[in-house]
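Have a look at data35.cif; it's mmCIF, C-alpha atoms and all ligand atoms:
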data_data
#
loop_
_atom_site.group_PDB
_atom_site.id
_atom_site.type_symbol
_atom_site.label_atom_id
_atom_site.label_comp_id
_atom_site.auth_asym_id
_atom_site.auth_seq_id
_atom_site.Cartn_x
_atom_site.Cartn_y
_atom_site.Cartn_z
ATOM 1 C CA MET A 1 -20.482 -84.870 -61.958
ATOM 2 C CA ILE A 2 -19.293 -85.866 -58.476
ATOM 3 C CA VAL A 3 -20.013 -84.300 -55.100
ATOM 4 C CA VAL A 4 -17.360 -83.734 -52.465
ATOM 5 C CA PRO A 5 -18.925 -83.128 -49.032
ATOM 6 C CA GLY A 6 -16.362 -80.934 -47.278
ATOM 7 C CA PRO A 7 -15.558 -81.541 -43.599
ATOM 8 C CA ALA A 8 -17.786 -78.632 -42.548
ATOM 9 C CA SER A 9 -20.867 -79.892 -44.450
ATOM 10 C CA PRO A 10 -20.912 -83.708 -44.323
ATOM 11 C CA LYS A 11 -24.707 -84.034 -44.030
ATOM 12 C CA VAL A 12 -25.675 -81.340 -46.522
ATOM 13 C CA GLY A 13 -23.052 -82.583 -49.000
ATOM 14 C CA GLN A 14 -24.308 -86.161 -48.748
ATOM 15 C CA SER A 15 -27.946 -85.071 -49.191
ATOM 16 C CA VAL A 16 -26.963 -83.067 -52.280
ATOM 17 C CA ALA A 17 -25.226 -86.159 -53.736
ATOM 18 C CA ASP A 18 -28.260 -88.345 -52.927
ATOM 19 C CA LEU A 19 -30.714 -85.874 -54.471
ATOM 20 C CA MET A 20 -28.558 -85.599 -57.598
ATOM 21 C CA GLY A 21 -27.865 -89.331 -57.781
ATOM 22 C CA ALA A 22 -24.184 -88.375 -57.992
ATOM 23 C CA LYS A 23 -21.099 -90.231 -56.809
ATOM 24 C CA LYS A 24 -19.404 -88.863 -53.661
ATOM 25 C CA VAL A 25 -15.728 -88.503 -52.946
ATOM 26 C CA MET A 26 -15.118 -88.121 -49.234
ATOM 27 C CA VAL A 27 -12.484 -85.976 -47.516
ATOM 28 C CA GLU A 28 -10.239 -87.251 -44.746
ATOM 29 C CA TYR A 29 -9.320 -84.481 -42.358
ATOM 30 C CA LYS A 30 -7.674 -83.924 -39.003
ATOM 31 C CA ASN A 31 -5.778 -81.356 -36.990
ATOM 32 C CA PHE A 32 -2.056 -81.627 -36.480
ATOM 33 C CA PRO A 33 -0.969 -81.188 -32.834
ATOM 34 C CA ASP A 34 -0.021 -77.564 -33.540
ATOM 35 C CA GLY A 35 -3.507 -76.807 -34.886
ATOM 36 C CA GLU A 36 -2.743 -76.922 -38.617
ATOM 37 C CA SER A 37 -5.375 -78.513 -40.878
ATOM 38 C CA TYR A 38 -4.794 -81.726 -42.843
ATOM 39 C CA ILE A 39 -7.038 -82.777 -45.714
ATOM 40 C CA ARG A 40 -6.883 -85.689 -48.155
ATOM 41 C CA LEU A 41 -9.285 -86.699 -50.900
ATOM 42 C CA ALA A 42 -10.178 -90.355 -50.474
ATOM 43 C CA ASP A 43 -10.629 -91.132 -54.191
ATOM 44 C CA SER A 44 -9.627 -89.924 -57.638
ATOM 45 C CA VAL A 45 -11.178 -86.750 -59.021
ATOM 46 C CA ALA A 46 -9.166 -86.574 -62.249
ATOM 47 C CA GLY A 47 -11.266 -85.463 -65.205
ATOM 48 C CA GLU A 48 -14.377 -84.971 -63.041
ATOM 49 C CA ASP A 49 -16.742 -82.031 -62.751
ATOM 50 C CA VAL A 50 -16.793 -81.510 -58.988
ATOM 51 C CA VAL A 51 -19.390 -79.883 -56.760
ATOM 52 C CA LEU A 52 -17.663 -79.151 -53.444
ATOM 53 C CA VAL A 53 -20.040 -78.409 -50.534
ATOM 54 C CA HIS A 54 -18.318 -76.804 -47.575
ATOM 55 C CA THR A 55 -19.722 -74.209 -45.197
ATOM 56 C CA THR A 56 -17.657 -71.796 -43.109
ATOM 57 C CA TYR A 57 -19.076 -71.942 -39.572
ATOM 58 C CA PRO A 58 -18.338 -72.698 -36.762
ATOM 59 C CA GLN A 59 -14.592 -71.959 -36.718
ATOM 60 C CA PRO A 60 -14.811 -69.638 -39.738
ATOM 61 C CA ASP A 61 -11.050 -69.108 -40.130
ATOM 62 C CA LYS A 62 -10.307 -72.825 -40.087
ATOM 63 C CA ARG A 63 -13.195 -73.650 -42.424
ATOM 64 C CA LEU A 64 -12.079 -70.990 -44.894
ATOM 65 C CA LEU A 65 -8.565 -72.350 -44.932
ATOM 66 C CA GLU A 66 -9.931 -75.869 -45.553
ATOM 67 C CA LEU A 67 -11.995 -74.463 -48.412
ATOM 68 C CA LEU A 68 -8.866 -73.014 -50.043
ATOM 69 C CA LEU A 69 -6.920 -76.266 -49.518
ATOM 70 C CA LEU A 70 -9.777 -78.299 -50.999
ATOM 71 C CA VAL A 71 -10.228 -76.143 -54.097
ATOM 72 C CA ASP A 72 -6.498 -76.080 -54.778
ATOM 73 C CA THR A 73 -6.127 -79.845 -54.208
ATOM 74 C CA LEU A 74 -9.095 -80.719 -56.427
ATOM 75 C CA LYS A 75 -7.618 -78.722 -59.309
ATOM 76 C CA ASP A 76 -4.128 -80.018 -58.626
ATOM 77 C CA LEU A 77 -5.412 -83.610 -58.803
ATOM 78 C CA GLY A 78 -6.943 -82.986 -62.211
ATOM 79 C CA ALA A 79 -10.611 -82.126 -61.594
ATOM 80 C CA SER A 80 -11.981 -80.612 -64.830
ATOM 81 C CA THR A 81 -14.070 -78.051 -63.003
ATOM 82 C CA VAL A 82 -14.595 -77.129 -59.372
ATOM 83 C CA ARG A 83 -17.853 -75.543 -58.353
ATOM 84 C CA ALA A 84 -17.578 -74.435 -54.736
ATOM 85 C CA VAL A 85 -20.886 -74.323 -52.861
ATOM 86 C CA VAL A 86 -20.489 -72.478 -49.571
ATOM 87 C CA PRO A 87 -23.911 -72.578 -47.865
ATOM 88 C CA TYR A 88 -22.864 -69.908 -45.354
ATOM 89 C CA MET A 89 -20.108 -67.518 -46.366
ATOM 90 C CA ALA A 90 -18.345 -66.077 -43.333
ATOM 91 C CA TYR A 91 -16.973 -62.520 -43.201
ATOM 92 C CA ALA A 92 -19.682 -61.278 -45.576
ATOM 93 C CA ARG A 93 -20.749 -58.507 -43.183
ATOM 94 C CA GLN A 94 -17.336 -56.847 -43.501
ATOM 95 C CA ASP A 95 -18.079 -55.807 -47.086
ATOM 96 C CA THR A 96 -17.080 -52.146 -46.736
ATOM 97 C CA ARG A 97 -14.305 -50.151 -45.101
ATOM 98 C CA PHE A 98 -16.613 -48.757 -42.425
ATOM 99 C CA ARG A 99 -13.677 -47.176 -40.564
ATOM 100 C CA ASP A 100 -10.342 -46.043 -41.963
ATOM 101 C CA GLY A 101 -7.794 -48.825 -42.158
ATOM 102 C CA GLU A 102 -10.227 -51.731 -41.963
ATOM 103 C CA ALA A 103 -9.914 -54.851 -44.113
ATOM 104 C CA VAL A 104 -12.693 -55.339 -46.655
ATOM 105 C CA SER A 105 -12.672 -58.976 -45.617
ATOM 106 C CA ILE A 106 -15.219 -60.511 -47.956
ATOM 107 C CA ARG A 107 -13.526 -59.103 -51.051
ATOM 108 C CA ALA A 108 -10.123 -60.397 -49.890
ATOM 109 C CA LEU A 109 -11.580 -63.874 -49.369
ATOM 110 C CA PHE A 110 -13.355 -63.976 -52.724
ATOM 111 C CA LYS A 111 -10.077 -63.082 -54.452
ATOM 112 C CA LEU A 112 -8.335 -65.949 -52.635
ATOM 113 C CA ILE A 113 -11.058 -68.474 -53.532
ATOM 114 C CA GLU A 114 -10.836 -67.560 -57.213
ATOM 115 C CA LYS A 115 -7.040 -67.602 -57.114
ATOM 116 C CA ALA A 116 -7.121 -71.130 -55.582
ATOM 117 C CA GLY A 117 -8.675 -72.360 -58.837
ATOM 118 C CA CYS A 118 -12.417 -72.254 -58.222
ATOM 119 C CA ASP A 119 -14.346 -72.259 -61.528
ATOM 120 C CA GLU A 120 -17.771 -71.306 -60.153
ATOM 121 C CA PHE A 121 -18.859 -70.073 -56.733
ATOM 122 C CA TYR A 122 -22.278 -70.484 -55.105
ATOM 123 C CA THR A 123 -23.560 -69.377 -51.740
ATOM 124 C CA ILE A 124 -26.904 -68.867 -50.008
ATOM 125 C CA ASP A 125 -28.314 -65.512 -48.867
ATOM 126 C CA LEU A 126 -24.996 -63.699 -48.901
ATOM 127 C CA HIS A 127 -25.157 -60.691 -46.590
ATOM 128 C CA LYS A 128 -24.876 -58.325 -49.567
ATOM 129 C CA GLU A 129 -25.304 -60.062 -52.913
ATOM 130 C CA GLY A 130 -23.489 -57.284 -54.781
ATOM 131 C CA THR A 131 -20.120 -58.272 -53.270
ATOM 132 C CA LEU A 132 -20.125 -61.291 -55.604
ATOM 133 C CA ASP A 133 -18.989 -58.878 -58.311
ATOM 134 C CA THR A 134 -15.483 -59.237 -56.825
ATOM 135 C CA PHE A 135 -15.267 -62.534 -58.710
ATOM 136 C CA THR A 136 -14.431 -62.682 -62.393
ATOM 137 C CA ILE A 137 -15.676 -66.323 -62.482
ATOM 138 C CA LYS A 138 -19.375 -67.207 -62.354
ATOM 139 C CA ALA A 139 -20.670 -66.445 -58.846
ATOM 140 C CA LYS A 140 -24.266 -66.916 -57.800
ATOM 141 C CA ASN A 141 -26.419 -66.342 -54.744
ATOM 142 C CA LEU A 142 -29.163 -68.904 -54.049
ATOM 143 C CA TYR A 143 -32.205 -67.729 -52.120
ATOM 144 C CA ALA A 144 -33.190 -69.675 -48.998
ATOM 145 C CA SER A 145 -36.579 -67.921 -49.092
ATOM 146 C CA GLU A 146 -37.729 -70.736 -51.366
ATOM 147 C CA VAL A 147 -37.253 -73.469 -48.732
ATOM 148 C CA ILE A 148 -38.142 -71.117 -45.852
ATOM 149 C CA SER A 149 -41.493 -70.195 -47.427
ATOM 150 C CA SER A 150 -42.398 -73.854 -47.970
ATOM 151 C CA TYR A 151 -41.672 -74.555 -44.311
ATOM 152 C CA LEU A 152 -43.671 -71.550 -43.070
ATOM 153 C CA ARG A 153 -46.597 -72.521 -45.278
ATOM 154 C CA GLY A 154 -46.983 -75.668 -43.157
ATOM 155 C CA MET A 155 -47.085 -73.740 -39.867
ATOM 156 C CA GLY A 156 -50.666 -72.475 -40.050
ATOM 157 C CA LEU A 157 -49.729 -68.822 -39.540
ATOM 158 C CA GLU A 158 -52.592 -66.443 -38.715
ATOM 159 C CA ASN A 159 -52.755 -63.151 -40.610
ATOM 160 C CA PRO A 160 -48.931 -63.148 -40.833
ATOM 161 C CA TYR A 161 -46.730 -60.100 -41.170
ATOM 162 C CA ILE A 162 -43.231 -60.786 -42.490
ATOM 163 C CA LEU A 163 -40.784 -58.372 -40.910
ATOM 164 C CA SER A 164 -37.173 -57.581 -41.668
ATOM 165 C CA PRO A 165 -35.417 -56.070 -38.627
ATOM 166 C CA ASP A 166 -33.445 -53.757 -40.930
ATOM 167 C CA ARG A 167 -33.470 -52.443 -44.462
ATOM 168 C CA GLY A 168 -30.587 -54.719 -45.511
ATOM 169 C CA ALA A 169 -32.605 -57.916 -45.123
ATOM 170 C CA LEU A 170 -35.831 -56.506 -46.581
ATOM 171 C CA SER A 171 -35.335 -58.503 -49.787
ATOM 172 C CA ILE A 172 -35.669 -61.732 -47.761
ATOM 173 C CA ALA A 173 -38.908 -60.542 -46.103
ATOM 174 C CA ARG A 174 -40.193 -59.445 -49.524
ATOM 175 C CA ARG A 175 -39.484 -62.808 -51.156
ATOM 176 C CA VAL A 176 -41.043 -64.740 -48.252
ATOM 177 C CA GLY A 177 -44.005 -62.329 -48.050
ATOM 178 C CA GLU A 178 -44.703 -62.538 -51.784
ATOM 179 C CA SER A 179 -44.428 -66.318 -51.736
ATOM 180 C CA LEU A 180 -46.911 -66.581 -48.830
ATOM 181 C CA GLY A 181 -49.149 -63.767 -50.092
ATOM 182 C CA ALA A 182 -48.494 -61.936 -46.793
ATOM 183 C CA GLU A 183 -47.842 -58.311 -45.938
ATOM 184 C CA TYR A 184 -44.168 -57.486 -45.337
ATOM 185 C CA GLY A 185 -41.987 -54.565 -44.292
ATOM 186 C CA ASN A 186 -38.920 -53.544 -42.362
ATOM 187 C CA PHE A 187 -37.698 -51.797 -39.237
ATOM 188 C CA GLU A 188 -34.681 -49.509 -39.204
ATOM 189 C CA LYS A 189 -31.522 -50.622 -37.402
ATOM 190 C CA THR A 190 -28.369 -48.704 -36.591
ATOM 191 C CA ARG A 191 -25.157 -50.221 -35.257
ATOM 192 C CA ASP A 192 -22.389 -48.453 -33.367
ATOM 193 C CA ARG A 193 -19.327 -49.369 -35.422
ATOM 194 C CA VAL A 194 -17.043 -49.308 -32.380
ATOM 195 C CA THR A 195 -19.081 -50.978 -29.624
ATOM 196 C CA GLY A 196 -21.309 -53.065 -31.903
ATOM 197 C CA ALA A 197 -24.391 -51.930 -29.933
ATOM 198 C CA ILE A 198 -27.569 -51.901 -32.026
ATOM 199 C CA THR A 199 -30.712 -49.803 -31.964
ATOM 200 C CA VAL A 200 -33.852 -50.952 -33.743
ATOM 201 C CA LYS A 201 -36.711 -48.562 -34.489
ATOM 202 C CA GLY A 202 -40.071 -49.715 -35.720
ATOM 203 C CA GLU A 203 -43.030 -47.383 -35.995
ATOM 204 C CA LYS A 204 -44.720 -48.582 -39.156
ATOM 205 C CA VAL A 205 -45.836 -52.154 -38.441
ATOM 206 C CA ASP A 206 -49.371 -52.926 -37.268
ATOM 207 C CA ALA A 207 -48.708 -56.137 -35.338
ATOM 208 C CA ARG A 208 -51.917 -56.296 -33.270
ATOM 209 C CA GLY A 209 -53.294 -59.827 -32.989
ATOM 210 C CA ARG A 210 -51.069 -61.103 -35.788
ATOM 211 C CA ASP A 211 -48.397 -63.760 -36.198
ATOM 212 C CA VAL A 212 -45.205 -61.833 -36.932
ATOM 213 C CA VAL A 213 -42.366 -63.657 -38.680
ATOM 214 C CA ILE A 214 -39.025 -61.852 -38.360
ATOM 215 C CA THR A 215 -36.690 -62.885 -41.180
ATOM 216 C CA ASP A 216 -32.956 -62.202 -41.337
ATOM 217 C CA ASP A 217 -29.938 -63.530 -43.207
ATOM 218 C CA LEU A 218 -28.250 -64.583 -39.986
ATOM 219 C CA ILE A 219 -28.626 -64.649 -36.222
ATOM 220 C CA SER A 220 -25.402 -64.193 -34.299
ATOM 221 C CA THR A 221 -25.887 -62.763 -30.779
ATOM 222 C CA GLY A 222 -29.657 -62.624 -31.220
ATOM 223 C CA GLY A 223 -29.657 -58.917 -30.298
ATOM 224 C CA THR A 224 -31.234 -57.779 -33.571
ATOM 225 C CA ILE A 225 -34.077 -60.286 -33.314
ATOM 226 C CA ALA A 226 -34.589 -59.628 -29.585
ATOM 227 C CA ASN A 227 -34.961 -55.873 -30.153
ATOM 228 C CA ALA A 228 -37.394 -56.323 -33.046
ATOM 229 C CA CYS A 229 -39.354 -58.922 -31.087
ATOM 230 C CA ARG A 230 -39.807 -56.598 -28.103
ATOM 231 C CA ILE A 231 -41.228 -53.889 -30.354
ATOM 232 C CA VAL A 232 -43.800 -56.125 -32.063
ATOM 233 C CA LYS A 233 -44.782 -57.801 -28.793
ATOM 234 C CA GLU A 234 -45.376 -54.354 -27.272
ATOM 235 C CA GLY A 235 -47.380 -53.597 -30.411
ATOM 236 C CA GLY A 236 -49.703 -56.517 -29.616
ATOM 237 C CA ALA A 237 -48.338 -59.349 -31.790
ATOM 238 C CA LYS A 238 -49.945 -62.680 -30.955
ATOM 239 C CA ARG A 239 -47.026 -64.936 -31.855
ATOM 240 C CA VAL A 240 -43.508 -63.936 -32.897
ATOM 241 C CA ILE A 241 -41.378 -66.374 -34.865
ATOM 242 C CA ALA A 242 -37.843 -65.680 -36.080
ATOM 243 C CA VAL A 243 -36.457 -67.467 -39.096
ATOM 244 C CA CYS A 244 -32.987 -67.042 -40.512
ATOM 245 C CA SER A 245 -30.890 -68.458 -43.319
ATOM 246 C CA HIS A 246 -27.818 -68.921 -41.137
ATOM 247 C CA PRO A 247 -28.336 -69.711 -37.413
ATOM 248 C CA LEU A 248 -24.861 -68.972 -36.029
ATOM 249 C CA LEU A 249 -26.328 -68.573 -32.534
ATOM 250 C CA VAL A 250 -23.289 -67.607 -30.500
ATOM 251 C CA ALA A 251 -23.412 -68.367 -26.763
ATOM 252 C CA GLY A 252 -26.466 -66.813 -25.078
ATOM 253 C CA ALA A 253 -28.267 -65.909 -28.323
ATOM 254 C CA TYR A 254 -31.156 -68.313 -27.842
ATOM 255 C CA GLU A 255 -31.766 -67.190 -24.250
ATOM 256 C CA ARG A 256 -31.559 -63.517 -25.284
ATOM 257 C CA MET A 257 -34.281 -63.988 -27.893
ATOM 258 C CA ARG A 258 -36.522 -66.070 -25.638
ATOM 259 C CA GLY A 259 -36.082 -63.424 -22.927
ATOM 260 C CA ALA A 260 -37.476 -60.852 -25.353
ATOM 261 C CA GLY A 261 -40.636 -62.934 -25.736
ATOM 262 C CA LEU A 262 -39.833 -64.795 -28.954
ATOM 263 C CA ASP A 263 -42.124 -67.803 -29.346
ATOM 264 C CA GLU A 264 -40.075 -69.809 -31.829
ATOM 265 C CA VAL A 265 -36.806 -69.558 -33.715
ATOM 266 C CA LEU A 266 -36.020 -71.470 -36.894
ATOM 267 C CA GLY A 267 -33.161 -71.683 -39.338
ATOM 268 C CA THR A 268 -31.853 -73.617 -42.287
ATOM 269 C CA ASP A 269 -29.135 -76.262 -41.928
ATOM 270 C CA SER A 270 -26.569 -74.124 -43.820
ATOM 271 C CA VAL A 271 -24.575 -74.391 -40.578
ATOM 272 C CA ASP A 272 -24.957 -76.909 -37.748
ATOM 273 C CA SER A 273 -27.372 -75.782 -35.023
ATOM 274 C CA ASP A 274 -30.184 -77.115 -32.839
ATOM 275 C CA ILE A 275 -32.759 -75.088 -34.763
ATOM 276 C CA GLY A 276 -31.710 -75.902 -38.345
ATOM 277 C CA LYS A 277 -34.937 -77.615 -39.370
ATOM 278 C CA ILE A 278 -35.078 -76.301 -42.948
ATOM 279 C CA PRO A 279 -32.803 -78.253 -45.334
ATOM 280 C CA VAL A 280 -30.860 -76.393 -48.006
ATOM 281 C CA ALA A 281 -29.793 -79.504 -49.970
ATOM 282 C CA PRO A 282 -32.873 -79.384 -52.275
ATOM 283 C CA LEU A 283 -31.996 -75.788 -53.184
ATOM 284 C CA ILE A 284 -28.411 -76.751 -54.045
ATOM 285 C CA ALA A 285 -29.274 -79.984 -55.863
ATOM 286 C CA LYS A 286 -31.863 -78.175 -57.980
ATOM 287 C CA GLU A 287 -29.168 -75.771 -59.164
ATOM 288 C CA PHE A 288 -27.005 -78.559 -60.592
ATOM 289 C CA ARG A 289 -29.591 -81.065 -61.785
HETATM 290 C C1 LIG A 301 -26.709 -57.580 -40.080
HETATM 291 O O1 LIG A 301 -27.155 -56.577 -40.602
HETATM 292 C C2 LIG A 301 -27.308 -58.941 -40.245
HETATM 293 O O2 LIG A 301 -28.246 -58.952 -41.280
HETATM 294 C C3 LIG A 301 -27.953 -59.443 -38.975
HETATM 295 O O3 LIG A 301 -29.112 -58.690 -38.697
HETATM 296 C C4 LIG A 301 -27.029 -59.332 -37.815
HETATM 297 O O4 LIG A 301 -25.735 -59.671 -38.164
HETATM 298 C C5 LIG A 301 -27.496 -60.207 -36.678
HETATM 299 O O5 LIG A 301 -26.583 -60.108 -35.633
HETATM 300 P P1 LIG A 301 -27.034 -60.266 -34.142
HETATM 301 O O6 LIG A 301 -27.784 -61.572 -34.042
HETATM 302 O O7 LIG A 301 -25.732 -60.301 -33.381
HETATM 303 O O8 LIG A 301 -27.854 -59.100 -33.773
#

Can the structure from this file be put into structure tokens for me?
Amino acid sequence: MIVVPGPASPKVGQSVADLMGAKKVMVEYKNFPDGESYIRLADSVAGEDVVLVHTTYPQPDKRLLELLLLVDTLKDLGASTVRAVVPYMAYARQDTRFRDGEAVSIRALFKLIEKAGCDEFYTIDLHKEGTLDTFTIKAKNLYASEVISSYLRGMGLENPYILSPDRGALSIARRVGESLGAEYGNFEKTRDRVTGAITVKGEKVDARGRDVVITDDLISTGGTIANACRIVKEGGAKRVIAVCSHPLLVAGAYERMRGAGLDEVLGTDSVDSDIGKIPVAPLIAKEFR
């Protein structure tokens, strides 16, 4: 088995290869002057079982195109199998036609990835795991809660409450809560489908004097976390920590969350960020060892 660290995941891909004791084949890549993507595999992959590690953020459209080019090229150059590992899968939130005429983006992308020749697909904390049923090939979601819980265990949390800011991410809070032996629950969030404005309601959580850990699959603008943080701080939480699987952190997100009183924000390294302290490579390597 060989590992190909894609241009979007050089560090994670290399760590996966190191942990597996597998050979790496690197990818040369550049942009043409008109913005088109160029990729070239630097060594032979003929007859090999390939694990390709390539995330899709930042620049999701470009990274997705590279993913398709890589899968197709690997198969075209004779790889026996291509297992695509996409630590963060972009477009996963557009999993439904919320308004008439909308693209169901994640399903369209999964069809393209399979069509490119992918034999197996893996991702981490996909926004809605059920959308993997678009694939007819093997497709699996890995749970970051495993590495997140280990990290939190070392933080000396006091009487922690693990909170999901909405019902959709409750499964993450449940897995982390069960792993830490901590109470967990969720707030309710609604989003205006036109303006994107969110409202978070949270009556049920007794946060007084406790360390509250808000878990979510991703942080984009930070609005969801900021709203949940304000509620638990007003409810008397001692310390509020946010932890996410995918810290996209668009401009202003960090400041927005800190402005709401958040004490600390953490993420995995599924995408590059300043807060990605929790490595996902052990999770991926374990899957293929
Ligand atoms: C949506 O339901 C996701 O799970 C996240 O809660 C959401 O996408 C975070 O976005 P933002 O950081 O912009 O509030």

Residues within 8 Å of ligand LIG 301 (chain A), counting all atoms listed in the file, as a ChimeraX atom specification
/A:93,127,165-166,168-169,198,216-226,249,253

Atoms to include: C-alpha atoms. Write the selected residues as a PDB file, in the coordinates of the input.
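Generated output (again-v1.pdb):
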ATOM      1  CA  ARG A  93     -20.749 -58.507 -43.183  1.00  0.00           C
ATOM      2  CA  HIS A 127     -25.157 -60.691 -46.590  1.00  0.00           C
ATOM      3  CA  PRO A 165     -35.417 -56.070 -38.627  1.00  0.00           C
ATOM      4  CA  ASP A 166     -33.445 -53.757 -40.930  1.00  0.00           C
ATOM      5  CA  GLY A 168     -30.587 -54.719 -45.511  1.00  0.00           C
ATOM      6  CA  ALA A 169     -32.605 -57.916 -45.123  1.00  0.00           C
ATOM      7  CA  ILE A 198     -27.569 -51.901 -32.026  1.00  0.00           C
ATOM      8  CA  ASP A 216     -32.956 -62.202 -41.337  1.00  0.00           C
ATOM      9  CA  ASP A 217     -29.938 -63.530 -43.207  1.00  0.00           C
ATOM     10  CA  LEU A 218     -28.250 -64.583 -39.986  1.00  0.00           C
ATOM     11  CA  ILE A 219     -28.626 -64.649 -36.222  1.00  0.00           C
ATOM     12  CA  SER A 220     -25.402 -64.193 -34.299  1.00  0.00           C
ATOM     13  CA  THR A 221     -25.887 -62.763 -30.779  1.00  0.00           C
ATOM     14  CA  GLY A 222     -29.657 -62.624 -31.220  1.00  0.00           C
ATOM     15  CA  GLY A 223     -29.657 -58.917 -30.298  1.00  0.00           C
ATOM     16  CA  THR A 224     -31.234 -57.779 -33.571  1.00  0.00           C
ATOM     17  CA  ILE A 225     -34.077 -60.286 -33.314  1.00  0.00           C
ATOM     18  CA  ALA A 226     -34.589 -59.628 -29.585  1.00  0.00           C
ATOM     19  CA  LEU A 249     -26.328 -68.573 -32.534  1.00  0.00           C
ATOM     20  CA  ALA A 253     -28.267 -65.909 -28.323  1.00  0.00           C
TER      21      ALA A 253
END

Check which residues satisfy the PyMOL selection byres (((chain A and resi 92) around 7) and not hetatm) in the file shown, then give them as a PyMOL selection string.
chain A and resi 89-91+93-95+106+126-127

Evaluate the PyMOL selection byres (((chain A and resi 36-53) around 9) and not hetatm) and record the selected residues as a ChimeraX atom specification, following the chain and residue labels used in the document.
/A:1-10,12-13,16,25-35,54-55,62,65-67,69-71,73-75,77-87,288

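Coordinates place atom CA of Ser273 of chain A at a distance of 11.8 Å from atom CA of Ala251 of chain A.
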
If we count only C-alpha atoms, what is near segment 175-180 of chain A at a cut-off of 12 Å, once residues fewer than 2 positions away on the same chain are taken out, given as JSON, numbers by chain?
{"A": [125, 143, 144, 145, 146, 147, 148, 149, 150, 151, 152, 153, 154, 155, 156, 157, 158, 159, 160, 161, 162, 163, 164, 169, 170, 171, 172, 173, 182, 183, 184, 185, 186, 212, 213, 214, 215, 216, 243, 244, 245]}
